[in-house]
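K.L.:
Please read through the structure below; I'll follow up with questions.
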Amino acid sequence: MSNAMEGATGPVQSVDRALTVLSLLAANGEMGVTELSAELGVHKSTAFRLVSTLEAHDLVEQVSDRGKFRLGVGVLRLAGATTVRLDLVQESRPVTARLAQVVGETVNVAVLSGREALYLDQVQGPSSLALHNWAGQRIPLHATSNGKILLAFGPPALLAELGSPLPRFTAGTLTDPSVVEAELVEVRARGWSVAVDELEMGLTAVAAPITGSSGTVVASLSASGPTFRLPAERIPDVAAKVVAAAREVSHRLGWHGLQHATGA
C-alpha cells in the first residue's frame, strides 16, 4: 500500500485507491475484485464499489463471463484529449518560433478551458523583454486577444455564462457583454482579434484562430508585446502575419477549408 494511501482519509483515500486500481489494471491487464482487494488491502465490498464507480465513468469495464475488469474506453478518451493538445504544441512550435522571429514579439498558443483561456505554449521573440512564461497559465476570455478568438468561434452561450458586468482589469477592459458581442461579430468577419491595454496597461496582442481537421476552431495563436512597439498603424501588418501563421498550423493539423466553424 502506498504512503499516500496510508496518510489519506475519506474522499482523498478513495481517490488514491481508485487511481491505484487503474494502475493495477494497466500493469496486469485484467483483475478480479478479489485480486484487487488483496492488492489494495481493503474488503472485497470496498474494492467492488471502487470498480463500480470507475465503470460508471467508462474508466474500467467488466470482461464478459470472467468476473474480471480491465481498463475502459474512458481512459482512451482522456488520453486522446491529452494527445490533441500535445499534437497542437508539436505542430505549432515551428510556426510560432518563426513568427516570433518575424514580428519580434512573444507568440502564444491558447485553448478554451472552461470559461477561461489556457496557454499551452509560448515562444519569445528577439525584441521581447518579458521573462515570465505564460504556458500553463489561465487568462480571462473577454480581456485578451486569444480569449476573444475562443469566444468568437466557441459555444454561442459562452459569453452569457461569463456574467455581467464582466471583470475589469484596466481602464480599457470591456465590461459590457453587449459591447464585447459587437466586437466578436467583427472578429468573426475579419478573422482576427486585438486587445489593447485591456488585460494590462501597456500590453497589446493580436490573435487568430487555429482550426482542426473537422473545421472547428480548436485554439488561438497570438503575438503580443508592449503597446509602444505595437501601435495602431502596425496592427494590420502583424495581424496578417498572425493569420497566416494560424492558417499554417491549421493546415498542419489537417484543415484545408476556407471557413471557420463556431462551437456547438
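Letters A, B, ... mark the chains of the C-alpha cells in the order given; residue numbers begin at 1 per chain; ligand numbers begin at 1, in order shown.
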I need the residues in range 30-219 of chain A that are alpha helix (DSSP H) according to DSSP; give them as a PyMOL selection string.
P.N.:
chain A and resi 33-40+44-56+73-103+145-152+158-161+177-190
K.L.:
Please provide the set of residues having any atom within 6 Å of Ser193 in chain A, restricted to only C-alpha atoms, with same-chain residues fewer than 3 positions apart removed, written as a PyMOL selection string.
P.N.:
chain A and resi 145+187+206-207
K.L.:
Write the selection just made, keeping N, CA, C and O atoms, as a PDB file, in the first residue's frame?
P.N.:
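Saved result, out-v8.pdb, follows:
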```pdb
ATOM      1  N   SER A 145      -6.743  38.964 -26.530  1.00  0.00           N
ATOM      2  CA  SER A 145      -6.965  38.659 -27.949  1.00  0.00           C
ATOM      3  C   SER A 145      -7.231  37.169 -28.147  1.00  0.00           C
ATOM      4  O   SER A 145      -8.114  36.787 -28.930  1.00  0.00           O
ATOM      5  N   VAL A 187     -14.746  40.304 -35.117  1.00  0.00           N
ATOM      6  CA  VAL A 187     -13.676  39.294 -35.103  1.00  0.00           C
ATOM      7  C   VAL A 187     -13.995  38.175 -36.075  1.00  0.00           C
ATOM      8  O   VAL A 187     -13.142  37.738 -36.873  1.00  0.00           O
ATOM      9  N   VAL A 206      -2.479  40.533 -30.693  1.00  0.00           N
ATOM     10  CA  VAL A 206      -3.293  40.228 -31.875  1.00  0.00           C
ATOM     11  C   VAL A 206      -3.362  38.714 -31.996  1.00  0.00           C
ATOM     12  O   VAL A 206      -2.347  38.027 -31.828  1.00  0.00           O
ATOM     13  N   ALA A 207      -4.556  38.178 -32.273  1.00  0.00           N
ATOM     14  CA  ALA A 207      -4.716  36.725 -32.321  1.00  0.00           C
ATOM     15  C   ALA A 207      -5.568  36.293 -33.503  1.00  0.00           C
ATOM     16  O   ALA A 207      -6.362  37.079 -34.041  1.00  0.00           O
TER      17      ALA A 207
END
```
K.L.:
Can you tell me which residues surround Gly136 in chain A at a distance of at most 7 Å, considering only C-alpha atoms, apart from same-chain residues fewer than 3 positions away, and format the answer as an NGL selection string?
P.N.:
:A and (118-120)
K.L.:
Hey, can you spit out that residue selection with N, CA and C atoms as a compact mmCIF listing (two decimals), in the first residue's frame?
P.N.:
```txt
# COMPACT_ATOMS: atom_id res chain seq x y z
N LEU A 118 -6.50 28.86 -21.72
CA LEU A 118 -5.33 28.21 -21.13
C LEU A 118 -4.18 28.30 -22.12
N TYR A 119 -3.08 28.91 -21.70
CA TYR A 119 -1.89 28.98 -22.54
C TYR A 119 -1.22 27.61 -22.59
N LEU A 120 -1.04 27.10 -23.80
CA LEU A 120 -0.36 25.81 -23.97
C LEU A 120 1.13 25.97 -24.25
```
K.L.:
Please report the interatomic distance between CA of Phe228 in chain A and CA of His142 in chain A in Å with one decimal.
P.N.:
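One can read the CA of Phe228 in chain A to CA of His142 in chain A distance as 22.2 Å.
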K.L.:
Tell me which protein, DNA and RNA residues are within 8 Å of range 106-116 of chain A, counting only C-alpha atoms, leaving out same-chain ones fewer than 6 positions away, and put them as a ChimeraX atom specification.
P.N.:
/A:89,96-97,99-100,122-125,128,138-141,146-147,150,158,161-162,218-225
K.L.:
Neighbouring residues of Trp255 in chain A were defined as those with any atom within 7 Å, considering only C-alpha atoms; residues of the same chain fewer than 6 positions away were excluded. Please report them as a PyMOL selection string.
P.N.:
chain A and resi 211-215
K.L.:
Atoms to include: N, CA and C atoms. Write the selected residues as a short mmCIF file (atom, residue, chain, number, x, y, z; two decimals), in the first residue's frame.
P.N.:
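Printed below is out31.cif as written:
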```cif
data_model
loop_
_atom_site.label_atom_id
_atom_site.label_comp_id
_atom_site.auth_asym_id
_atom_site.auth_seq_id
_atom_site.Cartn_x
_atom_site.Cartn_y
_atom_site.Cartn_z
N THR A 211 -7.63 26.12 -36.64
CA THR A 211 -8.75 25.23 -36.94
C THR A 211 -8.27 23.79 -37.08
N GLY A 212 -9.03 22.86 -36.48
CA GLY A 212 -8.69 21.45 -36.57
C GLY A 212 -9.21 20.82 -37.84
N SER A 213 -8.94 19.55 -38.03
CA SER A 213 -9.31 18.85 -39.26
C SER A 213 -10.82 18.82 -39.50
N SER A 214 -11.61 18.96 -38.43
CA SER A 214 -13.07 18.92 -38.56
C SER A 214 -13.64 20.26 -39.00
N GLY A 215 -12.81 21.31 -39.02
CA GLY A 215 -13.30 22.63 -39.39
C GLY A 215 -13.69 23.47 -38.20
#
```
K.L.:
Go through range 133-221 of chain A and collect every residue that DSSP, computed from the backbone, puts in strand (DSSP E or B); the answer should be as a list of chain:residue names.
P.N.:
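Checking each residue of range 133-221 of chain A, the strand (DSSP E or B) ones are A:Arg138, A:Ile139, A:Pro140, A:Ser193, A:Val194, A:Ala195, A:Val196, A:Leu203, A:Thr204, A:Ala205, A:Val206, A:Ala207, A:Ala208, A:Pro209, A:Ile210, A:Thr211, A:Thr216, A:Val217, A:Val218, A:Ala219, A:Ser220, A:Leu221.
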K.L.:
Pick out the residues sitting within 12 Å of Arg190 in chain A, and hand them over as number ranges by chain; count only C-alpha atoms, and ignore anything fewer than 4 positions along from it in its own chain.
P.N.:
A: 149, 152, 183-186, 194, 207-209, 236, 239-240, 243, 259-260
K.L.:
Under the rule that only C-alpha atoms are counted, which of A:Gly257, A:Ala245, A:Glu181, A:Arg234 is the nearest residue to Ser92 in chain A?
P.N.:
A:Ala245
K.L.:
At what distance in Å, to one decimal, does CA of Val33 in chain A lie from CA of Gln62 in chain A?
P.N.:
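Computed distance, CA of Gln62 in chain A to CA of Val33 in chain A, equals 10.5 Å.
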K.L.:
So which residues touch Pro165 in chain A within 10 Å, counting only C-alpha atoms, skipping near sequence neighbours fewer than 4 positions away, as a PyMOL selection string?
P.N.:
chain A and resi 174-178
K.L.:
For the residues in the current selection, export all heavy atoms as a PDB file, in the first residue's frame.
P.N.:
```pdb
ATOM      1  N   LEU A 174     -13.216  45.867 -21.610  1.00  0.00           N
ATOM      2  CA  LEU A 174     -14.624  45.909 -21.998  1.00  0.00           C
ATOM      3  C   LEU A 174     -15.417  45.077 -20.992  1.00  0.00           C
ATOM      4  O   LEU A 174     -15.206  43.869 -20.878  1.00  0.00           O
ATOM      5  CB  LEU A 174     -14.811  45.350 -23.410  1.00  0.00           C
ATOM      6  CG  LEU A 174     -13.999  46.012 -24.520  1.00  0.00           C
ATOM      7  CD1 LEU A 174     -14.300  45.364 -25.866  1.00  0.00           C
ATOM      8  CD2 LEU A 174     -14.288  47.511 -24.576  1.00  0.00           C
ATOM      9  N   THR A 175     -16.318  45.712 -20.253  1.00  0.00           N
ATOM     10  CA  THR A 175     -17.060  45.013 -19.207  1.00  0.00           C
ATOM     11  C   THR A 175     -18.529  44.789 -19.555  1.00  0.00           C
ATOM     12  O   THR A 175     -19.218  44.043 -18.873  1.00  0.00           O
ATOM     13  CB  THR A 175     -16.986  45.795 -17.885  1.00  0.00           C
ATOM     14  OG1 THR A 175     -17.548  47.093 -18.069  1.00  0.00           O
ATOM     15  CG2 THR A 175     -15.533  45.922 -17.424  1.00  0.00           C
ATOM     16  N   ASP A 176     -19.004  45.426 -20.618  1.00  0.00           N
ATOM     17  CA  ASP A 176     -20.393  45.273 -21.054  1.00  0.00           C
ATOM     18  C   ASP A 176     -20.473  44.132 -22.069  1.00  0.00           C
ATOM     19  O   ASP A 176     -19.883  44.224 -23.161  1.00  0.00           O
ATOM     20  CB  ASP A 176     -20.882  46.574 -21.685  1.00  0.00           C
ATOM     21  CG  ASP A 176     -22.365  46.524 -22.055  1.00  0.00           C
ATOM     22  OD1 ASP A 176     -22.912  45.418 -22.186  1.00  0.00           O
ATOM     23  OD2 ASP A 176     -22.962  47.601 -22.216  1.00  0.00           O
ATOM     24  N   PRO A 177     -21.185  43.042 -21.755  1.00  0.00           N
ATOM     25  CA  PRO A 177     -21.256  41.899 -22.679  1.00  0.00           C
ATOM     26  C   PRO A 177     -21.766  42.278 -24.070  1.00  0.00           C
ATOM     27  O   PRO A 177     -21.334  41.694 -25.062  1.00  0.00           O
ATOM     28  CB  PRO A 177     -22.226  40.939 -21.983  1.00  0.00           C
ATOM     29  CG  PRO A 177     -22.080  41.269 -20.535  1.00  0.00           C
ATOM     30  CD  PRO A 177     -21.880  42.757 -20.493  1.00  0.00           C
ATOM     31  N   SER A 178     -22.670  43.253 -24.155  1.00  0.00           N
ATOM     32  CA  SER A 178     -23.196  43.643 -25.468  1.00  0.00           C
ATOM     33  C   SER A 178     -22.104  44.302 -26.312  1.00  0.00           C
ATOM     34  O   SER A 178     -22.058  44.123 -27.542  1.00  0.00           O
ATOM     35  CB  SER A 178     -24.387  44.587 -25.305  1.00  0.00           C
ATOM     36  OG  SER A 178     -23.995  45.802 -24.685  1.00  0.00           O
TER      37      SER A 178
END
```
K.L.:
Rounded to one decimal in Å, what is the spacing between CA of Pro226 in chain A and CA of Glu105 in chain A?
P.N.:
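Going from CA of Pro226 in chain A over to CA of Glu105 in chain A, I get 8.8 Å.
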